[in-house]
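Structure record follows, encoded as structure tokens.
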Amino acid sequence: MANAWKSLTALGQDTAQVVAIGPYQISERFDVALASLAVRRGQNAAFAMAAQTAGVPLPPASSFAAGEVFSAFWVTPEMWFIEADFASHQDITAHLKPLFGDTASITEQTDAWVRFDVAGTGLAALFERLTNIDLVSLPDGFASRTVIEHLGVYLIKRSATEVVLYGPRSSALGLLHALQVTAKSII
Amino acid sequence: MSQSNRISGGQIDRKTSLQFTFDGRSYVGHAGDTLASALLANGVRLMGRSFKYHRPRGPLSSGSEEPNALVHLRTGARQEPNTRATVAELFDGLHATSQNAWPSLKFDAMSINDKLNSFLTAGFYYKTFMWPAAFWEKVYEPIIRRAAGLGALTKDEDPDEYDKGFIHCDLLIIGAGPAGLMAALMAGRAGARVVLADEDFRMGGRLNAETFEVGGVAGADWASAVVAELAATPNVRLMNRTTIVGAFDHGIYSAVERVSDHLSVPAAGKPRQTLWRIYSKRAILAGGATERPIAFENNDRPGVMLAGALRAYANRWGVAVGDRVAMFTNNDDGLRTARDLLAKGVDVAAVIDSRQGGDLLPGIRHLQGAQVIDSSGRLGLKSVTVRLADGKTETISCTALGVSGGWNPNVNITSHHRSRPEWRDDIAAFVPGTGGPAGLSSAGAASGAMSTHGALATGQAQALAALADLGFAAKADELPRAEDTPIVISPLWFVHEGKGRAWIDQQNDVTVKDVKLAHQENFIAVEHLKRYTTLGMATDQGKTGNVLGIAIMAELTGQSIPATGTTIYRPPYTPVAMGALAGRSRGKDFKPFRLTPSHQWAAEQGAIFVEVGNWLRTQWVPKAGETTWRQSVDREVLATRRSIGICDVTTLGKIDIQGTDAGAFLDKVYANTFSTLAVGKCRYGLMLREDGIVFDDGTTARMGTHEFVMTTTTANAVTVFRHLEYCRQVLWPDMDVQIISTTEAWAQFSVAGPNARSLLQKIVDQDISDAAFPYMGAGNITIGGLRGRLFRISFSGELAYEIAVPTRYGDAMIRKLMAAGAEFDAIVYGTEALGVMRIEKGHVAGGELNGQSTALNMGLGKMVSKKKDSIGMVLSQREGMNRDEGYRLVGVRPVDPTGSISAGSHFMEIGAPVDLASDGGWLTSKVYSPHLGCDIALGYLKAGDQKIGRKMRAVNFLTKTDTLVEIVSPHFFDPQGERLRG
């Protein structure tokens, strides 16, 4: 029944947008479900066991790990953001809570964020004008909270040519604007 | 005049001619010229007027230390004042005009100041404009500001963009002269990430201005070859046109890159300048040295310049500043200039050398033991008067005079953390002291190694030391062969002869006389000297004058120079445009906007938006025929109270709080109790600061045994979340509590009014009758199959709910609500109507949550539970905060219902004087209530709860209003709350 509801992307469109500027491609992602997963006090062992059983990766600090169904990136001590396919995990917390029971606190985050996948060669030149993260020296899989034009974002370096950004959904247009003007300034 | 002073050689591209204008007159220069070199090539020496006396001035230097040749660059909105012609890179179509002169540069009416110089000495303003005191702000200061002169702003908006960025490196090298290039070569070859920054557009530093050989080739060619190698080294980043302007903590340096200043208009999308923050593990200052003048009478005429600059103009730019030049020096470097100019075929009239003895320069009239005591030439140098060794005077005709008083290492950056430079007698100059920025070392002339060999050797040594610290393997290479001439100097700071003025700080017009006056009046400490005379306080920070002034003061006091001390250099090293500091944060890009889920729908309805923090919220939605905002707002309020009003309240902060200790945690952060709240219910909560003052308010719902959803005010969403994190991580780390913001995850709408339930029941899948979903109920629901949340809470006094769906469905939700509400004449109301209704109901908000009011002040004292400990509970019990005569929240309405109350008014008793002593409190919020048909307000009134029914005056000095008002209950509307429980 929920499918009868029309949804809008964070950019206010019916479908996810793709913007190409020079060597850079900025793709809005609208197909990823997201939830926070935090360990409850004293439940670390059971939590880790549940994660292993469920196939939920728990990457160490400042990193991302891909999984078969669930992928994850670290956000703060004892808390991760879990990604899954939106089509099959629209209510992602309903999927995760049975897997973790009382070992975890789980909160839906899907629509709190806009996700942009930024791809292309020369990403370091783009991101050095946007954030203080040293994209050149940090390894693939690096994930961190940072700031772009006053906006708190999560940045994941998938590879030298692919960066994933999660920014505040309400400022999706502003974040895209920052990416666009910066990309135009260096091509 | 066509480049009459252009001579052979130099590093300009003579095949590329560039047209430019100065004060409306056209000239031609070449690629590689600066504005100053091109003007000098065209025989133009007069480029500006001085700050205070409007003296005719030409360039003193050939670099960023320039105090005199400041011009307006470009025209229209791109006009930039105070641009140093000596570093302004020439481009085709450049327009420059002189500044601080009227009606013209050659005839400046304000040069009358020069005639009045005996009155305008140091301290003149302090002594003269003492009385009457009221005149300072309205008479004296405006006149002085108009008379004083730097460039003028056009007041047009800058059309260009500025950017910022962040660079990480192992080693930052500041300056690309021989020391910097050598250091970069070592570090680059060792594999370190290197940033080599230089303020010049051409790297090489003084090698471009000298005739030295390095490694058997011309120094400039060696520099070019090194730059080429570095450019091909992937781990080395070359940044020309980039000035390191400040050293900050933890190896962070700020840099301004002039991306497009050398172009008439930036390329599309490109910034004019970029402000970089450079994170370095180590840094080497290789910023070279600045020559200093010798002060003598009338030493500021156009054509009198630093000897090294004269040499640079000849060697680098192929310009002989004058057709007949002379030199005045106290050291061997001045002799070098004479030799170079002679080699270029320039007529060198004489070298006036203050020292006695030593070899005479061959082929040049070398006057040892002589001093220049005066000069002539109203708008440009014509001659100098020389006191010869035998005591006789001689006038020597010349149109340019090179002056060399020695070289000051550019220690500025090393002083940015308060390190004081140290004096070295052997070179008669200050060098970097200890205690500079951690990780920063210095090399080359900046460190006092004044020869080319010294620069190469120290550059290499400092690079090796830095590389060793960073764990890179590197060995010393054999250094290229280079001159290693020792410094031979016999200090002479100023010529004692003459009664006229001898200039020290040319940008601020500070003379030797001023320093003497400061000494006479006991302003002898360097910090006092600086402020009394304004020495070094101009935009050049006294790069050419500071040491001179200090040395003169030392001579007057009989102290040594190091004992006299130095002032501290501060960032920025050179002036930075405000645009570069602002970056992209200007205009609409000043901050990012946050759009609510219903924004698109609201825009379609023609809604008026208002900035609430970063959010754009609907302020009201005008309908056809409404011509004033009040008409729209009144309609929205009345429609809501009559039937249904809908408001997007997504902006309220939403914080998910989970964990087995979540209830106990809330008991600690809220003044009232939450651990006893039943699942499926919500409660209004009051949060205090540690000092007992109200911090924030909102409702919190219990969605499960260990799961709560807290709402905060829009304004405090971030600060409350930060506060909770602090409590969780620092105050009570043993509690099992996890928190995360969900503000943007849910699109939430308030549906208020007598028909709210009827509307919602049409679209939700569950029974929400009063019995099934009572007042203050909360729970998960579905709406046509879509998961959502429902809260029965009200801030309007009406039967009201807040309904939430995942944000992507927010647009669909507002459309569904409006469609379903059509039969009830449902309307959307904005923040103005929201404000009206909350004041009618007596709810506190921004004006009352002012950071200085307690729960008791707000009439909410009973909410502070004493049965448990919570943040702020103890200090809220302080006697002073619980006095009966303290402020209490009251309602206010005008005695005459047609009368108007002015927001911000203060309460005064009738008949009492209107003064601070009689001030009884103030109005915090005021609206027009369409429901009551008059203005109403809330306010804090001393002992207000005891004054209900009293008549008082609401006085506002700003709006000059004085209204008779009645103090009433703050609950104007449905005080028993029957409607919201209906």
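In the structure tokens, each chain is lettered A, B, ... as it comes, each chain's residues begin at 1, and ligands are numbered from 1 in order of appearance.
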
Taking only residues of chain B that have an atom at most 8 Å from an atom of chain A, what is each one's shortest atom pair and its distance in Å to one decimal, using only C-alpha atoms, in chain and number order, as JSON lines?
```
{"residue": "B:Asp163", "atom": "CA", "partner": "A:Arg129", "partner_atom": "CA", "distance": 7.5}
{"residue": "B:Lys164", "atom": "CA", "partner": "A:Arg129", "partner_atom": "CA", "distance": 5.9}
{"residue": "B:Gly165", "atom": "CA", "partner": "A:Arg129", "partner_atom": "CA", "distance": 3.9}
{"residue": "B:Phe166", "atom": "CA", "partner": "A:Glu128", "partner_atom": "CA", "distance": 5.1}
{"residue": "B:Ile167", "atom": "CA", "partner": "A:Glu128", "partner_atom": "CA", "distance": 6.4}
{"residue": "B:His168", "atom": "CA", "partner": "A:Asp134", "partner_atom": "CA", "distance": 6.3}
{"residue": "B:Ala268", "atom": "CA", "partner": "A:Ser185", "partner_atom": "CA", "distance": 7.8}
{"residue": "B:Gly269", "atom": "CA", "partner": "A:Ser185", "partner_atom": "CA", "distance": 4.8}
{"residue": "B:Lys270", "atom": "CA", "partner": "A:Ser185", "partner_atom": "CA", "distance": 4.6}
{"residue": "B:Pro271", "atom": "CA", "partner": "A:Ser185", "partner_atom": "CA", "distance": 6.9}
{"residue": "B:Lys591", "atom": "CA", "partner": "A:His150", "partner_atom": "CA", "distance": 6.9}
{"residue": "B:Pro592", "atom": "CA", "partner": "A:Gly174", "partner_atom": "CA", "distance": 5.4}
{"residue": "B:Phe593", "atom": "CA", "partner": "A:Ser171", "partner_atom": "CA", "distance": 5.9}
{"residue": "B:Arg594", "atom": "CA", "partner": "A:Ser170", "partner_atom": "CA", "distance": 4.7}
{"residue": "B:Leu595", "atom": "CA", "partner": "A:Ser170", "partner_atom": "CA", "distance": 5.0}
{"residue": "B:Thr596", "atom": "CA", "partner": "A:Ser170", "partner_atom": "CA", "distance": 6.5}
{"residue": "B:Pro597", "atom": "CA", "partner": "A:Ser170", "partner_atom": "CA", "distance": 7.8}
{"residue": "B:Gln600", "atom": "CA", "partner": "A:Gly12", "partner_atom": "CA", "distance": 7.5}
{"residue": "B:Asp656", "atom": "CA", "partner": "A:Thr107", "partner_atom": "CA", "distance": 7.3}
{"residue": "B:Gln658", "atom": "CA", "partner": "A:Ser105", "partner_atom": "CA", "distance": 6.0}
{"residue": "B:Gly659", "atom": "CA", "partner": "A:Arg40", "partner_atom": "CA", "distance": 6.4}
{"residue": "B:Asp734", "atom": "CA", "partner": "A:Arg41", "partner_atom": "CA", "distance": 8.0}
{"residue": "B:Met735", "atom": "CA", "partner": "A:Arg41", "partner_atom": "CA", "distance": 7.5}
{"residue": "B:Asp736", "atom": "CA", "partner": "A:Arg41", "partner_atom": "CA", "distance": 5.0}
{"residue": "B:Val737", "atom": "CA", "partner": "A:Arg40", "partner_atom": "CA", "distance": 7.4}
{"residue": "B:Gln738", "atom": "CA", "partner": "A:Ser105", "partner_atom": "CA", "distance": 6.7}
{"residue": "B:Ile740", "atom": "CA", "partner": "A:Thr107", "partner_atom": "CA", "distance": 7.7}
{"residue": "B:Thr742", "atom": "CA", "partner": "A:Ala112", "partner_atom": "CA", "distance": 6.4}
{"residue": "B:Thr743", "atom": "CA", "partner": "A:Ala112", "partner_atom": "CA", "distance": 7.1}
{"residue": "B:Glu744", "atom": "CA", "partner": "A:Ala112", "partner_atom": "CA", "distance": 4.4}
{"residue": "B:Ala745", "atom": "CA", "partner": "A:Ala112", "partner_atom": "CA", "distance": 3.8}
{"residue": "B:Trp746", "atom": "CA", "partner": "A:Asp111", "partner_atom": "CA", "distance": 7.1}
{"residue": "B:Gly784", "atom": "CA", "partner": "A:Met1", "partner_atom": "CA", "distance": 6.4}
{"residue": "B:Gly785", "atom": "CA", "partner": "A:Met1", "partner_atom": "CA", "distance": 4.7}
{"residue": "B:Leu786", "atom": "CA", "partner": "A:Ala2", "partner_atom": "CA", "distance": 4.4}
{"residue": "B:Arg787", "atom": "CA", "partner": "A:Ala2", "partner_atom": "CA", "distance": 7.8}
{"residue": "B:Pro806", "atom": "CA", "partner": "A:Asp111", "partner_atom": "CA", "distance": 6.3}
{"residue": "B:Thr807", "atom": "CA", "partner": "A:Asp111", "partner_atom": "CA", "distance": 5.6}
{"residue": "B:Arg808", "atom": "CA", "partner": "A:Ser7", "partner_atom": "CA", "distance": 5.0}
{"residue": "B:Tyr809", "atom": "CA", "partner": "A:Ser7", "partner_atom": "CA", "distance": 4.8}
{"residue": "B:Gly810", "atom": "CA", "partner": "A:Ser7", "partner_atom": "CA", "distance": 7.9}
{"residue": "B:Asp811", "atom": "CA", "partner": "A:Leu8", "partner_atom": "CA", "distance": 7.2}
{"residue": "B:Ala812", "atom": "CA", "partner": "A:Lys6", "partner_atom": "CA", "distance": 6.0}
```

Using DSSP secondary structure from the backbone, list all strand (DSSP E or B) positions within region 84-182 of chain A, as a ChimeraX atom specification. /A:84-85,104-108,113-119,142-148,151-159,162-168

Write out as an NGL selection string each polymer residue whose atoms come within 9 Å of region 178-191 of chain B, counting only C-alpha atoms; drop sequence neighbours fewer than 3 positions from it. :B and (171-175 or 194-197 or 203-207 or 219 or 223 or 226-227 or 229-230 or 233-236 or 284-288 or 443-445 or 452-464 or 466-467 or 472-477 or 479)

Please list as a list in words every residue within 12 Å of Ser900 (chain B), counting only C-alpha atoms and excluding residues in the same chain fewer than 4 positions away.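 Returned residues: Val892, Arg893, Pro894, Val895, Asp896, Ser905, Lys926, Val927, Tyr928, Ser929, Gly933, Cys934, Asp935, Ile936, Ala937, Ala954, Val955, Asn956, Thr959, Thr961, Asp962, Thr963, Leu964 and Val965 of chain B.
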
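Taking CA of Leu176 (chain A) as the reference point, CA of Ala747 (chain B) is found at 21.3 Å.
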
Tell me which of B:Val256, B:Val864, B:Ala289, B:Ala350 sits closest to Arg241 (chain B), counting only C-alpha atoms.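 Ranking B:Val256, B:Val864, B:Ala289, B:Ala350 by distance to Arg241 (chain B), first place goes to B:Val256.
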
In region 540-705 of chain B, what's helix (DSSP H, G or I) per DSSP? Answer as a PyMOL selection string? chain B and resi 546-557+561-564+578-582+587-589+599-604+629-642+662-669

For Glu690 (chain B), please output as a list in words all residues within 8 Å (counting only C-alpha atoms; exclusion window: fewer than 4 positions along the same chain). Ile871, Gly872, Met873 and Leu875 of chain B

Go through A:Ala143, A:Leu155, A:Ile92, A:Ala45 one by one, measure the shortest atom-to-atom distance of each to Trp74 (chain A) using only C-alpha atoms, and give the residue with the smallest value.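 Among the listed residues, the smallest separation from Trp74 (chain A) belongs to A:Ala143.
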
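Between CA of Gly363 (chain B) and CA of Leu40 (chain B) the separation is 26.0 Å.
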
Would you kindly return, as an NGL selection string, each protein, DNA or RNA residue with an atom no farther than 12 Å from any atom of Asp117 (chain A), considering only C-alpha atoms and excluding same-chain residues fewer than 6 positions away? :A and (16-20 or 24-32 or 123 or 154-159 or 161-167 or 176 or 179)

Pull N, CA and C atoms from the residues just selected and write them as a compact mmCIF listing (two decimals), in the first residue's frame.
```
# COMPACT_ATOMS: atom_id res chain seq x y z
N ALA A 16 16.22 10.07 -9.16
CA ALA A 16 17.54 10.54 -8.73
C ALA A 16 18.24 11.25 -9.88
N GLN A 17 18.95 12.30 -9.56
CA GLN A 17 19.60 13.12 -10.58
C GLN A 17 21.07 12.74 -10.75
N VAL A 18 21.55 12.92 -11.95
CA VAL A 18 22.98 12.71 -12.24
C VAL A 18 23.50 13.97 -12.91
N VAL A 19 24.60 14.49 -12.39
CA VAL A 19 25.18 15.71 -12.95
C VAL A 19 26.61 15.40 -13.36
N ALA A 20 26.96 15.75 -14.58
CA ALA A 20 28.33 15.54 -15.06
C ALA A 20 28.98 16.89 -15.29
N TYR A 24 33.99 14.80 -13.63
CA TYR A 24 33.26 14.40 -12.43
C TYR A 24 31.81 14.06 -12.72
N GLN A 25 31.34 12.99 -12.08
CA GLN A 25 29.93 12.63 -12.17
C GLN A 25 29.36 12.59 -10.76
N ILE A 26 28.34 13.37 -10.54
CA ILE A 26 27.71 13.45 -9.21
C ILE A 26 26.34 12.79 -9.33
N SER A 27 26.16 11.68 -8.63
CA SER A 27 24.93 10.91 -8.76
C SER A 27 24.19 10.87 -7.43
N GLU A 28 22.97 11.37 -7.46
CA GLU A 28 22.15 11.25 -6.26
C GLU A 28 21.70 9.80 -6.13
N ARG A 29 21.74 9.27 -4.93
CA ARG A 29 21.29 7.90 -4.70
C ARG A 29 20.02 7.93 -3.88
N PHE A 30 19.03 7.24 -4.38
CA PHE A 30 17.72 7.25 -3.73
C PHE A 30 17.30 5.83 -3.40
N ASP A 31 18.22 4.92 -3.58
CA ASP A 31 17.88 3.50 -3.49
C ASP A 31 18.59 2.81 -2.34
N VAL A 32 19.02 3.60 -1.36
CA VAL A 32 19.75 3.02 -0.24
C VAL A 32 19.01 3.30 1.07
N LEU A 123 39.69 13.37 -8.05
CA LEU A 123 38.79 13.74 -6.95
C LEU A 123 39.51 14.53 -5.86
N TYR A 154 29.01 12.89 6.05
CA TYR A 154 29.87 11.72 6.13
C TYR A 154 30.49 11.51 4.77
N LEU A 155 31.79 11.26 4.77
CA LEU A 155 32.52 11.05 3.53
C LEU A 155 33.14 9.66 3.57
N ILE A 156 32.91 8.90 2.52
CA ILE A 156 33.50 7.57 2.42
C ILE A 156 34.32 7.51 1.14
N LYS A 157 35.59 7.19 1.29
CA LYS A 157 36.43 7.04 0.10
C LYS A 157 36.36 5.58 -0.33
N ARG A 158 35.59 5.34 -1.35
CA ARG A 158 35.49 3.97 -1.86
C ARG A 158 36.76 3.60 -2.64
N SER A 159 37.25 4.55 -3.41
CA SER A 159 38.49 4.35 -4.17
C SER A 159 39.00 5.73 -4.56
N THR A 161 38.79 7.02 -7.24
CA THR A 161 37.89 7.63 -8.22
C THR A 161 36.44 7.58 -7.79
N GLU A 162 36.18 7.26 -6.55
CA GLU A 162 34.79 7.19 -6.10
C GLU A 162 34.68 7.59 -4.62
N VAL A 163 33.89 8.60 -4.39
CA VAL A 163 33.65 9.06 -3.02
C VAL A 163 32.14 9.11 -2.79
N VAL A 164 31.73 8.63 -1.62
CA VAL A 164 30.31 8.68 -1.25
C VAL A 164 30.13 9.75 -0.19
N LEU A 165 29.15 10.59 -0.39
CA LEU A 165 28.84 11.62 0.59
C LEU A 165 27.43 11.42 1.13
N TYR A 166 27.28 11.52 2.42
CA TYR A 166 25.96 11.61 3.01
C TYR A 166 25.86 12.99 3.65
N GLY A 167 24.95 13.80 3.16
CA GLY A 167 24.76 15.13 3.71
C GLY A 167 23.35 15.29 4.22
N LEU A 176 24.69 20.01 -3.26
CA LEU A 176 24.95 19.80 -4.69
C LEU A 176 25.52 21.08 -5.31
N LEU A 179 29.16 21.29 -4.59
CA LEU A 179 29.91 20.35 -5.43
C LEU A 179 30.03 20.87 -6.86
```

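When CA of Gln766 (chain B) is paired with CA of Val649 (chain B), their separation reads 22.4 Å.
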
From the options B:Asp170, B:Glu422, B:Glu885, B:Asp156, which residue's atoms come nearest to Asn408 (chain B), counting only C-alpha atoms?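 Closest residue, counting only C-alpha atoms: B:Glu422.
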
Please list as a PyMOL selection string every residue within 12 Å of Asp261 (chain B), counting only C-alpha atoms and excluding residues in the same chain fewer than 6 positions away. chain B and resi 34+73-74+78-80+83+87-91+94+160-162+201+241-242+267+270-274+577

Mind writing the picked residues with C-alpha atoms as a JSON list (two decimals), in the first residue's frame?
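Output (part.json):
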```json
[["chain", "number", "residue", "atom", "x", "y", "z"],
["B", 34, "THR", "CA", 54.97, 44.28, -12.99],
["B", 73, "LEU", "CA", 43.93, 48.54, -9.93],
["B", 74, "ARG", "CA", 41.21, 47.90, -12.52],
["B", 78, "ARG", "CA", 36.67, 45.14, -9.93],
["B", 79, "GLN", "CA", 38.63, 48.17, -8.76],
["B", 80, "GLU", "CA", 40.93, 47.22, -5.93],
["B", 83, "THR", "CA", 47.46, 47.44, -4.73],
["B", 87, "VAL", "CA", 53.83, 43.05, -7.33],
["B", 88, "ALA", "CA", 50.88, 43.73, -9.64],
["B", 89, "GLU", "CA", 51.53, 41.49, -12.62],
["B", 90, "LEU", "CA", 51.01, 43.36, -15.86],
["B", 91, "PHE", "CA", 48.26, 42.16, -18.15],
["B", 94, "LEU", "CA", 45.28, 46.81, -17.18],
["B", 160, "ASP", "CA", 34.29, 37.77, -8.72],
["B", 161, "GLU", "CA", 34.36, 34.55, -6.76],
["B", 162, "TYR", "CA", 36.78, 33.55, -4.06],
["B", 201, "PHE", "CA", 54.65, 34.75, -10.25],
["B", 241, "ARG", "CA", 51.47, 33.62, -6.87],
["B", 242, "THR", "CA", 50.87, 32.23, -3.39],
["B", 267, "ALA", "CA", 38.09, 32.67, -16.53],
["B", 270, "LYS", "CA", 37.46, 30.35, -11.71],
["B", 271, "PRO", "CA", 38.00, 32.20, -8.47],
["B", 272, "ARG", "CA", 40.03, 35.37, -8.29],
["B", 273, "GLN", "CA", 41.82, 34.15, -5.20],
["B", 274, "THR", "CA", 41.87, 31.03, -3.07],
["B", 577, "ALA", "CA", 41.43, 40.90, 0.54]]
```

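Taking only C-alpha atoms into account, Thr76 (chain A) lies nearest to A:Pro60 out of the set A:Pro60, A:Gly55, A:Gly141, A:Gly122.
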